[in-house]
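Listing of structure-v3.tsv, TSV, C-alpha atoms
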```tsv
chain	number	residue	atom	x	y	z
O	1	MET	CA	90.31	65.28	130.81
O	2	ALA	CA	87.82	64.30	128.12
O	3	SER	CA	89.41	64.06	124.69
O	4	SER	CA	86.68	66.27	123.24
O	5	GLU	CA	87.65	69.00	125.69
O	6	PRO	CA	91.42	68.67	126.15
O	7	LEU	CA	91.63	72.10	127.79
O	8	SER	CA	88.98	71.42	130.41
O	9	GLY	CA	90.10	73.00	133.67
O	10	ARG	CA	92.63	75.22	131.90
O	11	ARG	CA	92.59	79.02	131.85
O	12	ALA	CA	93.45	80.65	128.52
O	13	MET	CA	94.21	84.29	127.76
O	14	VAL	CA	93.85	85.67	124.23
O	15	THR	CA	95.08	89.18	123.47
O	16	GLY	CA	93.38	91.19	120.75
O	17	GLY	CA	90.47	88.87	121.41
O	18	ALA	CA	87.60	91.17	120.44
O	19	SER	CA	87.68	90.48	116.70
O	20	GLY	CA	89.38	88.65	113.84
O	21	ILE	CA	91.91	85.95	114.72
O	22	GLY	CA	91.66	86.69	118.43
O	23	ARG	CA	87.91	86.23	118.52
O	24	ALA	CA	88.20	82.97	116.57
O	25	CYS	CA	90.84	81.72	119.01
O	26	ALA	CA	88.65	82.57	122.00
O	27	VAL	CA	85.73	80.66	120.51
O	28	ARG	CA	87.88	77.66	119.56
O	29	LEU	CA	89.70	77.39	122.89
O	30	SER	CA	86.40	77.67	124.73
O	31	ALA	CA	85.07	74.78	122.61
O	32	ALA	CA	88.12	72.80	123.76
O	33	GLY	CA	87.03	73.36	127.37
O	34	ALA	CA	89.15	76.33	128.38
O	35	ASP	CA	87.99	79.19	130.56
O	36	VAL	CA	88.91	82.11	128.29
O	37	VAL	CA	90.07	85.59	129.25
O	38	VAL	CA	89.46	87.98	126.35
O	39	VAL	CA	91.94	90.86	126.45
O	40	ASP	CA	91.45	93.86	124.18
O	41	ARG	CA	91.71	97.63	124.36
O	42	ASP	CA	88.09	97.83	123.16
O	43	GLY	CA	86.10	96.80	126.19
O	44	GLU	CA	82.60	96.48	124.75
O	45	PRO	CA	83.39	94.08	121.88
O	46	ALA	CA	85.69	92.14	124.21
O	47	GLN	CA	82.79	91.73	126.62
O	48	GLN	CA	80.56	90.53	123.77
O	49	VAL	CA	83.06	87.80	122.89
O	50	ALA	CA	83.48	86.89	126.55
O	51	ASP	CA	79.71	86.59	126.95
O	52	GLU	CA	79.58	84.38	123.86
O	53	VAL	CA	82.17	81.95	125.22
O	54	GLY	CA	81.25	82.19	128.89
O	55	GLY	CA	84.57	83.80	129.72
O	56	THR	CA	85.93	87.03	131.13
O	57	ALA	CA	86.75	90.30	129.40
O	58	VAL	CA	89.64	92.54	130.36
O	59	ALA	CA	89.92	95.98	128.75
O	60	VAL	CA	93.55	97.10	128.62
O	61	ASP	CA	95.86	98.91	126.22
O	62	LEU	CA	98.80	96.52	125.92
O	63	SER	CA	101.08	99.33	124.76
O	64	ASP	CA	100.89	100.49	128.40
O	65	LEU	CA	103.48	98.07	129.73
O	66	THR	CA	102.88	98.90	133.38
O	67	ALA	CA	99.21	97.98	132.93
O	68	ILE	CA	100.29	94.50	131.84
O	69	ASP	CA	102.11	94.01	135.11
O	70	ARG	CA	98.82	94.58	136.95
O	71	LEU	CA	96.97	91.79	135.09
O	72	ASP	CA	96.18	88.40	136.59
O	73	LEU	CA	98.50	86.29	134.46
O	74	ALA	CA	97.95	82.97	136.23
O	75	VAL	CA	96.98	81.24	132.98
O	76	ASP	CA	97.72	77.87	131.41
O	77	VAL	CA	97.47	79.05	127.80
O	78	LEU	CA	98.64	82.41	126.49
O	79	VAL	CA	97.85	83.46	122.92
O	80	ASN	CA	99.78	86.59	121.93
O	81	ASN	CA	97.67	87.95	119.09
O	82	ALA	CA	97.27	91.71	119.53
O	83	GLY	CA	98.93	93.78	116.84
O	84	MET	CA	98.60	96.50	114.25
O	85	GLN	CA	100.04	97.57	110.90
O	86	HIS	CA	101.43	100.80	109.48
O	87	VAL	CA	102.65	101.10	105.90
O	88	ALA	CA	105.22	103.74	104.89
O	89	PRO	CA	108.67	103.98	103.29
O	90	LEU	CA	111.52	103.67	105.78
O	91	HIS	CA	112.73	107.23	105.26
O	92	GLU	CA	109.21	108.51	106.01
O	93	PHE	CA	108.19	106.01	108.69
O	94	PRO	CA	107.05	107.88	111.84
O	95	VAL	CA	109.54	107.12	114.60
O	96	ASP	CA	106.86	107.18	117.30
O	97	GLN	CA	104.78	104.70	115.33
O	98	PHE	CA	107.76	102.37	114.94
O	99	SER	CA	108.32	102.41	118.69
O	100	TYR	CA	104.61	101.88	119.39
O	101	ILE	CA	104.39	98.83	117.13
O	102	LEU	CA	107.45	97.20	118.71
O	103	ARG	CA	106.12	97.96	122.17
O	104	LEU	CA	102.75	96.41	121.37
O	105	MET	CA	103.99	93.41	119.40
O	106	VAL	CA	107.28	92.48	121.10
O	107	GLU	CA	107.59	94.11	124.50
O	108	ALA	CA	103.98	93.37	125.48
O	109	PRO	CA	104.26	89.64	124.66
O	110	PHE	CA	107.51	89.56	126.65
O	111	ARG	CA	105.80	91.14	129.66
O	112	LEU	CA	102.80	88.80	129.36
O	113	VAL	CA	104.98	85.70	129.12
O	114	ARG	CA	107.21	86.90	131.95
O	115	GLY	CA	104.15	87.20	134.16
O	116	ALA	CA	102.55	83.93	133.07
O	117	LEU	CA	105.53	81.57	133.26
O	118	PRO	CA	105.81	81.28	137.07
O	119	SER	CA	102.32	79.78	137.41
O	120	MET	CA	102.88	77.57	134.36
O	121	TYR	CA	106.14	76.34	135.87
O	122	GLU	CA	104.43	75.69	139.20
O	123	ARG	CA	101.80	73.50	137.52
O	124	GLY	CA	104.30	71.84	135.18
O	125	TRP	CA	102.22	72.64	132.10
O	126	GLY	CA	101.76	75.62	129.82
O	127	ARG	CA	101.19	76.60	126.21
O	128	VAL	CA	102.39	79.86	124.67
O	129	VAL	CA	101.17	80.46	121.12
O	130	ASN	CA	102.38	83.56	119.33
O	131	ILE	CA	100.40	84.74	116.32
O	132	SER	CA	103.22	85.67	114.02
O	133	SER	CA	102.92	86.04	110.25
O	134	VAL	CA	104.54	85.11	106.99
O	135	HIS	CA	106.26	88.44	107.68
O	136	GLY	CA	107.97	86.79	110.61
O	137	LEU	CA	109.83	84.75	107.99
O	138	ARG	CA	109.86	87.05	104.96
O	139	ALA	CA	110.07	90.80	104.47
O	140	SER	CA	107.94	93.13	102.39
O	141	PRO	CA	108.71	96.75	101.55
O	142	PHE	CA	107.08	99.58	103.48
O	143	LYS	CA	106.34	97.40	106.55
O	144	SER	CA	109.53	97.96	108.52
O	145	ALA	CA	107.96	98.03	111.98
O	146	TYR	CA	105.63	95.07	111.41
O	147	VAL	CA	108.34	92.89	109.85
O	148	THR	CA	110.81	93.80	112.60
O	149	ALA	CA	108.25	93.05	115.31
O	150	LYS	CA	107.25	89.69	113.88
O	151	HIS	CA	110.88	88.64	113.45
O	152	GLY	CA	111.46	89.65	117.07
O	153	LEU	CA	108.44	87.64	118.20
O	154	GLU	CA	109.85	84.57	116.42
O	155	GLY	CA	113.09	84.87	118.41
O	156	LEU	CA	111.28	85.42	121.69
O	157	SER	CA	109.13	82.35	121.04
O	158	LYS	CA	112.20	80.16	120.57
O	159	VAL	CA	113.80	81.38	123.81
O	160	ILE	CA	110.56	80.63	125.68
O	161	ALA	CA	110.61	77.13	124.18
O	162	LEU	CA	114.15	76.46	125.33
O	163	GLU	CA	113.65	77.79	128.85
O	164	GLY	CA	110.18	76.29	129.31
O	165	ALA	CA	110.88	72.76	128.12
O	166	GLU	CA	112.00	71.36	131.46
O	167	HIS	CA	108.86	72.84	133.07
O	168	GLY	CA	106.33	71.32	130.66
O	169	VAL	CA	105.83	74.59	128.77
O	170	THR	CA	105.85	74.76	124.97
O	171	SER	CA	106.06	77.85	122.80
O	172	ASN	CA	105.31	78.10	119.10
O	173	CYS	CA	104.39	80.60	116.41
O	174	VAL	CA	101.60	80.41	113.87
O	175	ASN	CA	102.50	82.13	110.61
O	176	PRO	CA	99.56	82.92	108.34
O	177	ALA	CA	99.54	84.97	105.17
O	178	TYR	CA	96.63	87.39	104.79
O	179	VAL	CA	93.65	86.44	106.96
O	180	ARG	CA	90.08	87.54	106.29
O	181	THR	CA	89.72	90.02	109.14
O	182	PRO	CA	87.94	93.40	109.24
O	183	LEU	CA	91.34	95.10	109.02
O	184	VAL	CA	92.37	93.17	105.89
O	185	GLU	CA	88.96	93.57	104.24
O	186	GLY	CA	89.30	97.33	104.70
O	187	GLN	CA	92.73	97.22	103.07
O	188	ILE	CA	91.28	95.26	100.13
O	189	ALA	CA	88.57	97.86	99.56
O	190	ASP	CA	91.10	100.70	99.78
O	191	GLN	CA	93.48	99.06	97.30
O	192	ALA	CA	90.64	98.23	94.90
O	193	ARG	CA	89.75	101.92	94.73
O	194	ALA	CA	93.39	102.99	94.46
O	195	HIS	CA	94.29	100.55	91.67
O	196	GLY	CA	90.97	100.49	89.82
O	197	LEU	CA	90.68	96.73	90.37
O	198	THR	CA	87.96	94.46	91.65
O	199	GLU	CA	88.40	93.28	95.23
O	200	ALA	CA	88.97	89.71	93.96
O	201	ASP	CA	91.77	90.97	91.71
O	202	VAL	CA	93.35	92.87	94.60
O	203	VAL	CA	93.51	89.67	96.64
O	204	GLU	CA	94.96	87.60	93.80
O	205	GLN	CA	97.19	90.08	91.99
O	206	VAL	CA	98.36	92.38	94.78
O	207	MET	CA	98.06	90.91	98.26
O	208	LEU	CA	98.67	87.25	97.42
O	209	ALA	CA	101.00	87.69	94.48
O	210	PRO	CA	103.84	85.76	96.25
O	211	ALA	CA	101.54	82.89	97.32
O	212	ALA	CA	100.62	79.79	95.34
O	213	LEU	CA	97.11	79.60	96.79
O	214	LYS	CA	95.18	82.72	95.82
O	215	ARG	CA	92.76	82.84	98.72
O	216	LEU	CA	92.48	84.56	102.06
O	217	ILE	CA	92.83	82.43	105.16
O	218	GLU	CA	89.80	82.31	107.44
O	219	PRO	CA	90.31	83.23	111.11
O	220	GLU	CA	88.90	79.86	112.14
O	221	GLU	CA	91.73	78.10	110.30
O	222	VAL	CA	94.28	79.96	112.40
O	223	ALA	CA	92.28	79.19	115.55
O	224	ASP	CA	92.28	75.49	114.70
O	225	ALA	CA	96.07	75.60	114.43
O	226	VAL	CA	96.30	77.33	117.81
O	227	ALA	CA	94.03	74.73	119.40
O	228	TRP	CA	96.11	71.92	117.91
O	229	LEU	CA	99.29	73.40	119.40
O	230	CYS	CA	97.56	73.31	122.79
O	231	SER	CA	96.37	69.72	122.36
O	232	PRO	CA	98.00	66.46	123.50
O	233	ALA	CA	98.87	65.73	119.85
O	234	ALA	CA	101.37	68.62	119.89
O	235	THR	CA	103.08	67.77	123.18
O	236	SER	CA	106.47	67.47	121.48
O	237	VAL	CA	106.06	70.51	119.23
O	238	THR	CA	107.97	73.50	120.58
O	239	GLY	CA	110.20	76.22	119.23
O	240	SER	CA	108.48	75.84	115.88
O	241	SER	CA	106.74	78.08	113.37
O	242	LEU	CA	103.56	76.59	111.90
O	243	VAL	CA	103.43	78.14	108.44
O	244	MET	CA	100.01	78.79	106.87
O	245	ASP	CA	101.06	80.94	103.95
O	246	GLY	CA	99.60	79.23	100.89
O	247	GLY	CA	103.07	78.50	99.55
O	248	TRP	CA	104.46	82.04	99.97
O	249	THR	CA	107.74	80.80	101.53
O	250	ALA	CA	108.07	77.89	99.09
O	251	HIS	CA	109.79	80.19	96.59
```
In structure tokens, write the structure found in this file.
Amino acid sequence: MASSEPLSGRRAMVTGGASGIGRACAVRLSAAGADVVVVDRDGEPAQQVADEVGGTAVAVDLSDLTAIDRLDLAVDVLVNNAGMQHVAPLHEFPVDQFSYILRLMVEAPFRLVRGALPSMYERGWGRVVNISSVHGLRASPFKSAYVTAKHGLEGLSKVIALEGAEHGVTSNCVNPAYVRTPLVEGQIADQARAHGLTEADVVEQVMLAPAALKRLIEPEEVADAVAWLCSPAATSVTGSSLVMDGGWTAH
């Protein structure tokens, strides 16, 4: 394979691929030569990304676990990115929402990996990259479901690494702090109105208060990390968490 396209001939699946980090990963992996499958519950934007990268779009709600079992999971690269957030105190957190978030962000990755590993094992090569978060390593109040799910994803990733090693499969997490996505930009605007601050002050004083670097991460930065974990340079990297938190966990 050409060094400029280390994933030439490989098939990659990116969940939550219609926007934000997922879209950036689809674009970056395509640039590395992969044939990309863009999975998202929103079919039209997923198709737009697929058209952009010359890949395939699959519209599916990953909280429907039986639908996952019907997917073609014969892929070489699996990027578990799909997720959501809900903010509420524990004693008021909706129980159905808690279950939904864990289903989407832990059970769905498990099902996807379970379905993808046999073909990876058969070929003797595979890359599982789980988009975790600084909240996979640290907790914040009012985010019980999200923090629980990301911590669970970290554990799952390590088990995949241990089981997959003898079959040429690696598994790692990428752990960013806040990334400049449409979801986060909406949160910034909401908090600016609520606190009477400028949006820049919200980022620095509220969202990134624990971090040393007071800037949002760009989706393309996360995608570059994902591509590196799939590259020959990262052949011996497995069971790890690649932290991109601007110094958040340095405290």
* Asked: Near range 124-138 of chain O, counting all atoms listed in the file, which residues have an atom at most 8 Å away, once you skip same-chain residues fewer than 4 positions from it, shown as number ranges by chain?
  -> O: 76-81, 113, 117, 120, 146-154, 157, 167-177, 226, 229-230, 243-245, 248-249
Selection to disk with C-alpha atoms, as an mmCIF file, keeping the file's coordinate frame:
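The resulting file, selection.cif, is reproduced below:
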```cif
data_model
loop_
_atom_site.group_PDB
_atom_site.id
_atom_site.type_symbol
_atom_site.label_atom_id
_atom_site.label_comp_id
_atom_site.auth_asym_id
_atom_site.auth_seq_id
_atom_site.Cartn_x
_atom_site.Cartn_y
_atom_site.Cartn_z
ATOM 1 C CA ASP O 76 97.720 77.870 131.410
ATOM 2 C CA VAL O 77 97.470 79.050 127.800
ATOM 3 C CA LEU O 78 98.640 82.410 126.490
ATOM 4 C CA VAL O 79 97.850 83.460 122.920
ATOM 5 C CA ASN O 80 99.780 86.590 121.930
ATOM 6 C CA ASN O 81 97.670 87.950 119.090
ATOM 7 C CA VAL O 113 104.980 85.700 129.120
ATOM 8 C CA LEU O 117 105.530 81.570 133.260
ATOM 9 C CA MET O 120 102.880 77.570 134.360
ATOM 10 C CA TYR O 146 105.630 95.070 111.410
ATOM 11 C CA VAL O 147 108.340 92.890 109.850
ATOM 12 C CA THR O 148 110.810 93.800 112.600
ATOM 13 C CA ALA O 149 108.250 93.050 115.310
ATOM 14 C CA LYS O 150 107.250 89.690 113.880
ATOM 15 C CA HIS O 151 110.880 88.640 113.450
ATOM 16 C CA GLY O 152 111.460 89.650 117.070
ATOM 17 C CA LEU O 153 108.440 87.640 118.200
ATOM 18 C CA GLU O 154 109.850 84.570 116.420
ATOM 19 C CA SER O 157 109.130 82.350 121.040
ATOM 20 C CA HIS O 167 108.860 72.840 133.070
ATOM 21 C CA GLY O 168 106.330 71.320 130.660
ATOM 22 C CA VAL O 169 105.830 74.590 128.770
ATOM 23 C CA THR O 170 105.850 74.760 124.970
ATOM 24 C CA SER O 171 106.060 77.850 122.800
ATOM 25 C CA ASN O 172 105.310 78.100 119.100
ATOM 26 C CA CYS O 173 104.390 80.600 116.410
ATOM 27 C CA VAL O 174 101.600 80.410 113.870
ATOM 28 C CA ASN O 175 102.500 82.130 110.610
ATOM 29 C CA PRO O 176 99.560 82.920 108.340
ATOM 30 C CA ALA O 177 99.540 84.970 105.170
ATOM 31 C CA VAL O 226 96.300 77.330 117.810
ATOM 32 C CA LEU O 229 99.290 73.400 119.400
ATOM 33 C CA CYS O 230 97.560 73.310 122.790
ATOM 34 C CA VAL O 243 103.430 78.140 108.440
ATOM 35 C CA MET O 244 100.010 78.790 106.870
ATOM 36 C CA ASP O 245 101.060 80.940 103.950
ATOM 37 C CA TRP O 248 104.460 82.040 99.970
ATOM 38 C CA THR O 249 107.740 80.800 101.530
#
```
* Take CA of Ala212 in chain O and CA of Gly239 in chain O and report the distance between them in Å, one decimal. =>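 Separating CA of Ala212 in chain O from CA of Gly239 in chain O is a distance of 26.0 Å.
Distances here use all atoms listed in the file; by that measure, the residue among O:Arg103, O:Arg215, O:Lys158, O:His91 closest to Leu62 in chain O is O:Arg103.
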* To do: State, in Å with one decimal place, the distance from CA of Ile21 in chain O to CA of Val58 in chain O.
  => 17.1 Å
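Nearest residue to Ser99 in chain O among O:Ser144, O:Thr66, O:Ser30, O:Gln48 is O:Ser144, counting all atoms listed in the file.
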* Interatomic distance, CA of Gln85 in chain O to CA of Leu104 in chain O (Å, one decimal) ->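 If I compute the distance from CA of Gln85 in chain O to CA of Leu104 in chain O, I get 10.9 Å.
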* Asked: Between O:His251, O:Ser19, O:Gly43, O:Ala24, which one has atoms that come closest to Asp224 in chain O, using all atoms listed in the file?
  ->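 Nearest candidate to Asp224 in chain O out of O:His251, O:Ser19, O:Gly43, O:Ala24: O:Ala24.
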Could you give me the axis-aligned bounding box of range 75-87 of chain O, with 6 Å of padding per side, as centre plus edge lengths in Å to one decimal, as AutoDock Vina command-line options?
```
--center_x 99.8 --center_y 89.5 --center_z 119.4 --size_x 17.7 --size_y 35.2 --size_z 39.1
```
Shell of 10 Å around Met13 in chain O, all atoms listed in the file, local chain residues under 3 positions omitted, as a short mmCIF file (atom, residue, chain, number, x, y, z; two decimals) with C-alpha atoms, in the frame of the given file:
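Final output, saved to part.cif:
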```cif
data_model
loop_
_atom_site.label_atom_id
_atom_site.label_comp_id
_atom_site.auth_asym_id
_atom_site.auth_seq_id
_atom_site.Cartn_x
_atom_site.Cartn_y
_atom_site.Cartn_z
CA GLY O 16 93.38 91.19 120.75
CA GLY O 17 90.47 88.87 121.41
CA GLY O 22 91.66 86.69 118.43
CA CYS O 25 90.84 81.72 119.01
CA ALA O 26 88.65 82.57 122.00
CA LEU O 29 89.70 77.39 122.89
CA ALA O 34 89.15 76.33 128.38
CA ASP O 35 87.99 79.19 130.56
CA VAL O 36 88.91 82.11 128.29
CA VAL O 37 90.07 85.59 129.25
CA VAL O 38 89.46 87.98 126.35
CA VAL O 39 91.94 90.86 126.45
CA GLY O 55 84.57 83.80 129.72
CA THR O 56 85.93 87.03 131.13
CA ALA O 57 86.75 90.30 129.40
CA VAL O 58 89.64 92.54 130.36
CA ASP O 72 96.18 88.40 136.59
CA LEU O 73 98.50 86.29 134.46
CA ALA O 74 97.95 82.97 136.23
CA VAL O 75 96.98 81.24 132.98
CA ASP O 76 97.72 77.87 131.41
CA VAL O 77 97.47 79.05 127.80
CA LEU O 78 98.64 82.41 126.49
CA VAL O 79 97.85 83.46 122.92
CA ASN O 80 99.78 86.59 121.93
CA LEU O 112 102.80 88.80 129.36
CA ALA O 116 102.55 83.93 133.07
CA VAL O 128 102.39 79.86 124.67
#
```
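Among O:Ala145, O:Ala32, O:Met207, O:Ala161, the residue with the shortest atom-to-atom distance to Val53 in chain O, counting only C-alpha atoms, is O:Ala32.
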* **Among listed residues O:Arg111, O:Ala82, O:Asp96, O:Ala209, nearest Asp42 in chain O (using only C-alpha atoms)** =>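 Looking only at the distances to Asp42 in chain O, the closest residue turns out to be O:Ala82.
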* Asked: If I put a ball of radius 10 Å at (87.8, 90.4, 100.9) in the file's coordinates, which residues poke into it when counting all atoms listed in the file, written as a VMD selection string?
  -> chain O and resid 179 to 182 184 to 189 199 to 200 202 to 203 215 to 216
